[in-house]
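J.: Structure file protein.tsv (TSV, C-alpha atoms and all ligand atoms) is given on the next line.
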chain	number	residue	atom	x	y	z
A	1	MET	CA	-20.08	0.06	11.92
A	2	ILE	CA	-17.27	2.59	11.56
A	3	ASP	CA	-17.81	5.77	9.55
A	4	LEU	CA	-14.75	6.35	7.34
A	5	SER	CA	-16.12	9.42	5.51
A	6	ASN	CA	-13.86	11.94	7.22
A	7	PHE	CA	-10.79	9.82	6.50
A	8	VAL	CA	-11.49	8.56	2.97
A	9	GLY	CA	-13.20	11.72	1.77
A	10	LEU	CA	-16.02	9.58	0.35
A	11	ASN	CA	-19.27	8.45	1.92
A	12	ILE	CA	-18.12	5.00	3.05
A	13	LYS	CA	-18.61	2.98	6.21
A	14	PHE	CA	-16.75	-0.08	7.45
A	15	ASN	CA	-18.27	-3.27	8.81
A	16	SER	CA	-15.43	-4.35	11.08
A	17	SER	CA	-16.78	-7.83	11.84
A	18	GLN	CA	-17.03	-8.74	8.11
A	19	TYR	CA	-14.06	-6.61	6.96
A	20	ARG	CA	-16.28	-5.12	4.29
A	21	LEU	CA	-16.87	-1.56	3.13
A	22	ILE	CA	-20.44	-0.30	3.00
A	23	PHE	CA	-21.15	2.12	0.17
A	24	ASP	CA	-24.00	4.56	-0.16
A	25	LYS	CA	-25.58	5.31	-3.58
A	26	ASP	CA	-22.57	7.34	-4.69
A	27	PRO	CA	-19.89	6.02	-4.77
A	28	ALA	CA	-21.80	3.00	-5.99
A	29	SER	CA	-21.44	-0.33	-4.25
A	30	LYS	CA	-18.50	-2.50	-5.27
A	31	GLU	CA	-17.42	-6.06	-4.65
A	32	PRO	CA	-13.79	-6.39	-3.59
A	33	ALA	CA	-11.18	-8.67	-5.10
A	34	VAL	CA	-10.21	-11.04	-2.28
A	35	ARG	CA	-6.59	-12.10	-1.69
A	36	THR	CA	-6.62	-15.68	-0.37
A	37	ILE	CA	-3.97	-17.74	1.39
A	38	ASP	CA	-3.61	-19.95	-1.70
A	39	GLN	CA	-2.68	-16.92	-3.81
A	40	MET	CA	-0.16	-15.83	-1.17
A	41	LYS	CA	1.71	-19.11	-0.56
A	42	GLU	CA	4.65	-18.17	-2.77
A	43	VAL	CA	5.46	-15.03	-0.83
A	44	LEU	CA	5.27	-16.52	2.68
A	45	LYS	CA	8.17	-17.63	4.86
A	46	ASP	CA	6.07	-20.55	6.09
A	47	GLN	CA	4.37	-22.06	3.07
A	48	ALA	CA	2.65	-24.80	5.07
A	49	ILE	CA	0.12	-22.55	6.76
A	50	SER	CA	-3.47	-22.68	5.56
A	51	THR	CA	-5.17	-19.97	7.63
A	52	PRO	CA	-6.51	-17.34	7.55
A	53	LYS	CA	-8.26	-18.22	4.29
A	54	GLU	CA	-8.86	-14.60	3.32
A	55	LEU	CA	-6.21	-11.95	3.98
A	56	TYR	CA	-7.23	-8.68	2.40
A	57	PHE	CA	-9.83	-7.06	0.22
A	58	MET	CA	-9.15	-4.73	-2.71
A	59	TYR	CA	-11.77	-2.24	-3.84
A	60	ARG	CA	-10.37	-0.96	-7.12
A	61	ASP	CA	-11.50	2.17	-8.92
A	62	VAL	CA	-13.74	3.84	-6.37
A	63	TYR	CA	-15.16	7.23	-7.34
A	64	CYS	CA	-18.20	9.49	-7.18
A	65	LEU	CA	-20.11	9.54	-10.45
A	66	LYS	CA	-19.52	13.26	-11.06
A	67	ASP	CA	-15.74	12.68	-10.77
A	68	ASN	CA	-15.47	9.88	-13.31
A	69	ASP	CA	-14.44	12.04	-16.28
A	70	VAL	CA	-11.78	14.07	-14.50
A	71	ILE	CA	-10.20	10.90	-13.05
A	72	ARG	CA	-10.00	9.28	-16.54
A	73	GLU	CA	-8.61	12.49	-18.05
A	74	HIS	CA	-5.78	12.43	-15.55
A	75	LYS	CA	-5.16	8.69	-16.10
A	76	LEU	CA	-5.63	7.87	-12.43
A	77	ARG	CA	-7.40	5.32	-10.25
A	78	PHE	CA	-8.48	5.51	-6.60
A	79	ASP	CA	-8.50	2.22	-4.66
A	80	ILE	CA	-9.24	1.17	-1.10
A	81	THR	CA	-7.67	-1.89	0.56
A	82	VAL	CA	-8.81	-3.57	3.78
A	83	ILE	CA	-6.14	-5.73	5.45
A	84	LYS	CA	-7.15	-8.03	8.31
A	85	PRO	CA	-5.29	-8.03	11.59
A	86	ASP	CA	-3.84	-11.55	11.84
A	87	ARG	CA	-0.65	-13.56	11.58
A	88	LEU	CA	0.73	-15.63	8.70
A	89	GLY	CA	2.60	-18.17	10.77
A	90	ARG	CA	5.14	-16.01	12.56
A	91	GLU	CA	4.79	-13.20	10.06
A	92	PHE	CA	2.60	-10.18	10.56
A	93	MET	CA	-0.22	-9.84	8.06
A	94	LYS	CA	1.01	-8.40	4.77
A	95	THR	CA	0.18	-7.84	1.13
A	96	ALA	CA	1.72	-9.93	-1.66
A	97	GLY	CA	4.09	-7.24	-2.91
A	98	HIS	CA	4.80	-6.05	-6.43
A	99	TYR	CA	6.86	-3.79	-8.60
A	100	HIS	CA	5.48	-1.27	-11.05
A	101	PRO	CA	6.78	-1.17	-14.62
A	102	LYS	CA	9.02	1.74	-15.60
A	103	SER	CA	9.26	3.96	-12.53
A	104	TYR	CA	5.59	4.56	-11.71
A	105	PRO	CA	5.20	5.61	-8.07
A	106	GLU	CA	2.05	5.29	-5.94
A	107	LEU	CA	0.44	7.30	-3.18
A	108	TYR	CA	-1.14	5.69	-0.11
A	109	GLU	CA	-3.06	7.10	2.81
A	110	VAL	CA	-3.82	5.25	6.04
A	111	VAL	CA	-7.54	5.76	6.56
A	112	TYR	CA	-7.84	3.35	9.49
A	113	GLY	CA	-5.30	1.57	11.68
A	114	GLU	CA	-1.56	1.76	11.27
A	115	ALA	CA	0.68	0.71	8.39
A	116	LEU	CA	4.22	-0.31	7.73
A	117	CYS	CA	5.21	0.01	4.08
A	118	LEU	CA	8.37	-1.90	3.16
A	119	GLN	CA	9.89	-0.60	-0.06
A	120	GLN	CA	12.88	-2.06	-1.87
A	121	ARG	CA	14.88	-0.88	-4.86
A	122	PRO	CA	16.65	-3.50	-6.95
A	123	ASP	CA	19.67	-2.96	-9.15
A	124	GLU	CA	18.49	-1.98	-12.63
A	125	ASN	CA	20.35	-4.91	-14.18
A	126	ASP	CA	19.95	-7.57	-11.49
A	127	SER	CA	16.75	-7.96	-9.51
A	128	LYS	CA	18.57	-10.22	-7.01
A	129	LYS	CA	20.65	-7.27	-5.89
A	130	ILE	CA	18.66	-4.98	-3.62
A	131	LYS	CA	20.29	-1.56	-3.36
A	132	GLU	CA	18.00	0.05	-0.80
A	133	VAL	CA	15.33	-1.02	1.72
A	134	ILE	CA	13.12	1.42	3.59
A	135	VAL	CA	10.21	0.97	5.99
A	136	VAL	CA	7.72	3.80	6.38
A	137	LYS	CA	5.51	3.73	9.46
A	138	ALA	CA	2.26	5.67	9.09
A	139	LYS	CA	-0.81	6.33	11.21
A	140	GLN	CA	-4.35	7.34	10.32
A	141	GLY	CA	-4.34	10.40	8.07
A	142	GLN	CA	-0.69	10.09	7.01
A	143	LYS	CA	0.38	9.61	3.40
A	144	ILE	CA	3.00	7.20	2.06
A	145	ILE	CA	4.66	7.72	-1.30
A	146	CYS	CA	5.84	4.48	-2.89
A	147	LEU	CA	8.96	5.83	-4.55
A	148	PRO	CA	9.85	5.44	-8.24
A	149	HIS	CA	11.87	2.24	-8.90
A	150	PHE	CA	10.85	0.67	-5.56
A	151	GLY	CA	8.63	-2.38	-5.09
A	152	HIS	CA	6.37	-2.36	-2.05
A	153	ILE	CA	4.37	-4.37	0.47
A	154	LEU	CA	2.07	-3.21	3.27
A	155	ILE	CA	2.29	-4.84	6.70
A	156	ASN	CA	-0.38	-4.69	9.42
A	157	ILE	CA	1.29	-5.05	12.82
A	158	SER	CA	-1.67	-3.85	14.86
A	159	ASP	CA	-4.63	-5.79	16.20
A	160	LYS	CA	-7.00	-3.57	14.23
A	161	PRO	CA	-7.81	-3.82	10.53
A	162	LEU	CA	-5.61	-1.66	8.33
A	163	ILE	CA	-7.46	0.31	5.67
A	164	THR	CA	-5.58	2.29	3.06
A	165	SER	CA	-6.66	4.38	0.11
A	166	ASN	CA	-4.36	4.95	-2.83
A	167	TRP	CA	-4.04	7.05	-5.95
A	168	VAL	CA	-2.15	5.40	-8.76
A	169	SER	CA	-1.71	5.72	-12.51
A	170	SER	CA	-4.29	3.76	-14.50
A	171	GLU	CA	-1.71	3.15	-17.25
A	172	PHE	CA	0.04	0.01	-15.99
A	173	SER	CA	-0.44	-3.39	-14.40
A	174	SER	CA	1.54	-4.37	-11.32
A	175	GLU	CA	4.26	-7.03	-11.59
A	176	TYR	CA	4.09	-9.75	-8.94
A	177	GLU	CA	6.57	-12.28	-10.36
A	178	LEU	CA	9.78	-11.05	-8.74
A	179	TYR	CA	8.21	-11.14	-5.29
A	180	LYS	CA	6.99	-14.69	-5.91
A	181	MET	CA	10.37	-15.78	-7.19
A	182	ALA	CA	12.07	-14.33	-4.10
A	183	ARG	CA	9.40	-15.76	-1.77
A	184	GLY	CA	8.44	-12.34	-0.53
A	185	ALA	CA	10.05	-9.00	0.17
A	186	ALA	CA	13.68	-8.40	1.18
A	187	TYR	CA	12.77	-8.79	4.86
A	188	TYR	CA	10.12	-10.72	6.80
A	189	ALA	CA	8.40	-8.95	9.70
A	190	PHE	CA	8.05	-11.53	12.48
A	191	ASP	CA	5.83	-11.13	15.51
A	192	ASP	CA	8.20	-11.61	18.44
A	193	GLN	CA	5.88	-11.26	21.43
A	194	GLU	CA	4.30	-8.13	19.97
A	195	ASN	CA	7.68	-6.73	18.91
A	196	ILE	CA	8.85	-6.80	15.31
A	197	THR	CA	11.87	-8.84	14.36
A	198	TRP	CA	13.07	-8.15	10.82
A	199	GLN	CA	14.53	-11.29	9.26
A	200	LYS	CA	16.48	-11.15	6.04
A	201	ASN	CA	15.04	-13.05	3.11
A	202	GLU	CA	17.75	-15.57	2.20
A	203	PHE	CA	16.88	-15.43	-1.48
A	204	PHE	CA	18.97	-12.26	-1.59
A	205	PRO	CA	22.69	-12.95	-1.14
A	206	GLU	CA	23.31	-9.48	0.28
A	207	LEU	CA	20.91	-6.97	1.72
A	208	PRO	CA	21.34	-3.40	2.91
A	209	LYS	CA	20.08	-2.51	6.38
A	210	ILE	CA	16.57	-1.12	6.64
A	211	THR	CA	16.23	2.66	6.96
A	212	PHE	CA	13.15	3.63	8.95
A	213	PHE	CA	11.03	6.69	8.17
A	214	THR	CA	7.73	8.36	8.92
A	215	PRO	CA	5.85	10.49	6.40
A	216	ASN	CA	6.29	14.24	6.32
A	217	ASP	CA	3.04	15.88	7.40
A	218	LYS	CA	3.01	18.38	4.55
A	219	ILE	CA	4.14	17.95	0.97
A	220	PRO	CA	2.71	21.09	-0.65
A	221	GLU	CA	4.07	20.24	-4.10
A	222	PHE	CA	1.75	17.20	-4.22
A	223	GLY	CA	-1.08	18.85	-2.25
A	224	LEU	CA	-0.64	16.48	0.70
A	225	LYS	CA	-1.36	17.19	4.33
A	226	THR	CA	-1.79	14.76	7.20
A	227	GLY	CA	-5.44	14.55	8.19
A	228	THR	CA	-6.82	15.90	4.90
A	229	PRO	CA	-8.20	12.95	2.88
A	230	MET	CA	-6.45	12.75	-0.45
A	231	TYR	CA	-9.64	12.06	-2.39
A	232	SER	CA	-10.18	15.81	-1.97
A	233	LEU	CA	-7.41	16.27	-4.57
A	234	ILE	CA	-10.20	15.48	-7.04
A	235	ASN	CA	-10.46	19.28	-7.45
A	236	ASP	CA	-6.75	19.64	-8.18
A	237	LEU	CA	-5.61	16.41	-9.82
A	238	ASN	CA	-2.68	18.16	-11.50
A	239	LYS	CA	-1.00	17.83	-8.11
A	240	LEU	CA	-0.85	14.09	-8.82
A	241	ASP	CA	0.95	14.49	-12.14
A	242	PHE	CA	3.96	12.80	-10.50
A	243	LEU	CA	2.07	9.49	-10.61
A	244	ASN	CA	2.21	9.51	-14.41
A	245	ASN	CA	5.35	11.59	-14.94
A	246	PRO	CA	7.60	10.57	-12.03
A	247	GLU	CA	10.86	11.74	-13.63
A	248	ARG	CA	9.73	15.38	-13.52
A	249	TYR	CA	9.69	15.47	-9.72
A	250	ARG	CA	11.88	15.02	-6.66
A	251	TYR	CA	10.95	12.91	-3.67
A	252	GLU	CA	13.33	13.76	-0.83
A	253	LYS	CA	10.53	15.56	1.03
A	254	ALA	CA	8.36	12.44	1.20
A	255	PHE	CA	9.68	11.15	4.54
A	256	LYS	CA	11.56	12.09	7.67
A	257	LYS	CA	13.68	9.85	9.92
A	301	FE	FE	1.54	-0.74	-6.19
Show me, as structure tokens, the structure contained in the file I just sent.
Ligand SMILES: [Fe+2]

T.:
Amino acid sequence: MIDLSNFVGLNIKFNSSQYRLIFDKDPASKEPAVRTIDQMKEVLKDQAISTPKELYFMYRDVYCLKDNDVIREHKLRFDITVIKPDRLGREFMKTAGHYHPKSYPELYEVVYGEALCLQQRPDENDSKKIKEVIVVKAKQGQKIICLPHFGHILINISDKPLITSNWVSSEFSSEYELYKMARGAAYYAFDDQENITWQKNEFFPELPKITFFTPNDKIPEFGLKTGTPMYSLINDLNKLDFLNNPERYRYEKAFKK
């Protein structure tokens, strides 16, 4: 059993053999939504694979009872995702990928393990034209902003589970169709004897090269600091106004090369 309290900012433990979170009384216990291989077929390079059956577990809308009202007032949601360490054929374990409507961003924190977040920005008028691809590599305690107008996937390249928390606007539903149509993100991350080989997704006639980043350790404007769990922003949720009003803010401080 792994205690995640100091990393999530909530009283939560992790059963690493079952890939399940263990809740105390508050936050109250939740059942995760489970992403299965059958639901993922359309976004895989190798659609013939049938294992692992379960890939990742989504605990949506996690909160302490006393915080419920302030979270609703700010139109936000706090989620936790547990991603197994495994392979999908030659691909590293990943999430399905989606876009957000309008330009809603999202804010992730790695609470356990290590994450790659592949983000891609399509042309406003043609989703087959990808204008920009970035990969953000983040370790425990680091934050990843999913930028406005970018779709995103998470990739687990380590042999440990990857657990992320995220703050996101409660005002939209994610859009999975374009990722399904393209059979995944702009690039596939292949396991090449423990090294990553990035292979272009042939659905896209032309693709820009990937730009690699790591998160900046401090983004004071959004109240973010590596190692300080972002659930603690519960006392200052105005800092997360960018999640509902993205056009009012600038994002060049999110990452460094
Ligand atoms: Fe998202």

J.: List the spatial neighbours of Ala182 in chain A as a list in words - criterion: any atom at most 7 Å away, all atoms listed in the file, same-chain residues fewer than 3 positions off excluded.

T.: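 Here the qualifying residues turn out to be Leu178, Tyr179 and Phe203 of chain A.
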
J.: Could you write those residues out with C-alpha atoms, as a compact mmCIF listing (two decimals), in the coordinates of the input?

T.:
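As written to disk, again.txt reads:
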# COMPACT_ATOMS: atom_id res chain seq x y z
CA LEU A 178 9.78 -11.05 -8.74
CA TYR A 179 8.21 -11.14 -5.29
CA PHE A 203 16.88 -15.43 -1.48

J.: In file coordinates, which residues lie within 12 Å of (25.0, -8.9, 1.8) using only C-alpha atoms, given as an mmCIF file with C-alpha atoms, in the coordinates of the input?

T.:
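Result saved to result26.cif:
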data_model
loop_
_atom_site.group_PDB
_atom_site.id
_atom_site.type_symbol
_atom_site.label_atom_id
_atom_site.label_comp_id
_atom_site.auth_asym_id
_atom_site.auth_seq_id
_atom_site.Cartn_x
_atom_site.Cartn_y
_atom_site.Cartn_z
ATOM 1 C CA LYS A 128 18.570 -10.220 -7.010
ATOM 2 C CA LYS A 129 20.650 -7.270 -5.890
ATOM 3 C CA ILE A 130 18.660 -4.980 -3.620
ATOM 4 C CA LYS A 131 20.290 -1.560 -3.360
ATOM 5 C CA GLU A 132 18.000 0.050 -0.800
ATOM 6 C CA ALA A 186 13.680 -8.400 1.180
ATOM 7 C CA LYS A 200 16.480 -11.150 6.040
ATOM 8 C CA ASN A 201 15.040 -13.050 3.110
ATOM 9 C CA GLU A 202 17.750 -15.570 2.200
ATOM 10 C CA PHE A 203 16.880 -15.430 -1.480
ATOM 11 C CA PHE A 204 18.970 -12.260 -1.590
ATOM 12 C CA PRO A 205 22.690 -12.950 -1.140
ATOM 13 C CA GLU A 206 23.310 -9.480 0.280
ATOM 14 C CA LEU A 207 20.910 -6.970 1.720
ATOM 15 C CA PRO A 208 21.340 -3.400 2.910
ATOM 16 C CA LYS A 209 20.080 -2.510 6.380
#

J.: When the cut-off is 8 Å and you count all atoms listed in the file, which residues lie near ligand FE 301 (chain A), shown as a VMD selection string?

T.: chain A and resid 97 to 100 105 to 106 146 151 to 152 168 174

J.: Quick one: of A:Gln140, A:Gln39, A:Val82, A:Tyr59, who's nearest to Ser16 in chain A, counting all atoms listed in the file?

T.: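 Of the candidates, the smallest distance to Ser16 in chain A is held by A:Val82.
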
J.: Taking into account all atoms listed in the file, which residue in the set A:Ile157, A:Thr81, A:Ser17, A:Val8 is nearest to Glu31 in chain A?

T.: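 Of all the options, A:Thr81 lies closest to Glu31 in chain A.
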
J.: Using all atoms listed in the file, which of the listed residues (A:Pro27, A:Gly141, A:Pro52, A:Pro161) sits closest to Phe14 in chain A?

T.: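 When distances to Phe14 in chain A are compared using all atoms listed in the file, the smallest one comes from A:Pro161.
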
J.: What's the separation between CA of Ile83 in chain A and CA of Tyr19 in chain A, in Å to one decimal place?

T.: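 A separation of 8.1 Å between them.
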
J.: Please work out which residues fall within 12 Å of (1.0, 3.7, -4.3), coordinates as given in the file, with all atoms listed in the file counting, and return them as a PyMOL selection string.

T.: chain A and resi 76-81+97-100+103-110+117-119+143-154+164-170+174+240+242-244

J.: Could you please determine the separation between CA of Lys256 in chain A and CA of Val43 in chain A in Å, to one decimal place?

T.: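 So the answer is 29.1 Å.
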
J.: Under the rule that all atoms listed in the file are counted, which of A:Asp38, A:Glu73, A:Asp192, A:Asp86 is the nearest residue to Asn238 in chain A?

T.: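 Between A:Asp38, A:Glu73, A:Asp192, A:Asp86, the residue approaching Asn238 in chain A most closely is A:Glu73.
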
J.: Rank A:Tyr188, A:Phe57, A:Phe213, A:Phe23 by their smallest atom-to-atom distance to Leu4 in chain A, using only C-alpha atoms, and report the top residue only.

T.: A:Phe23
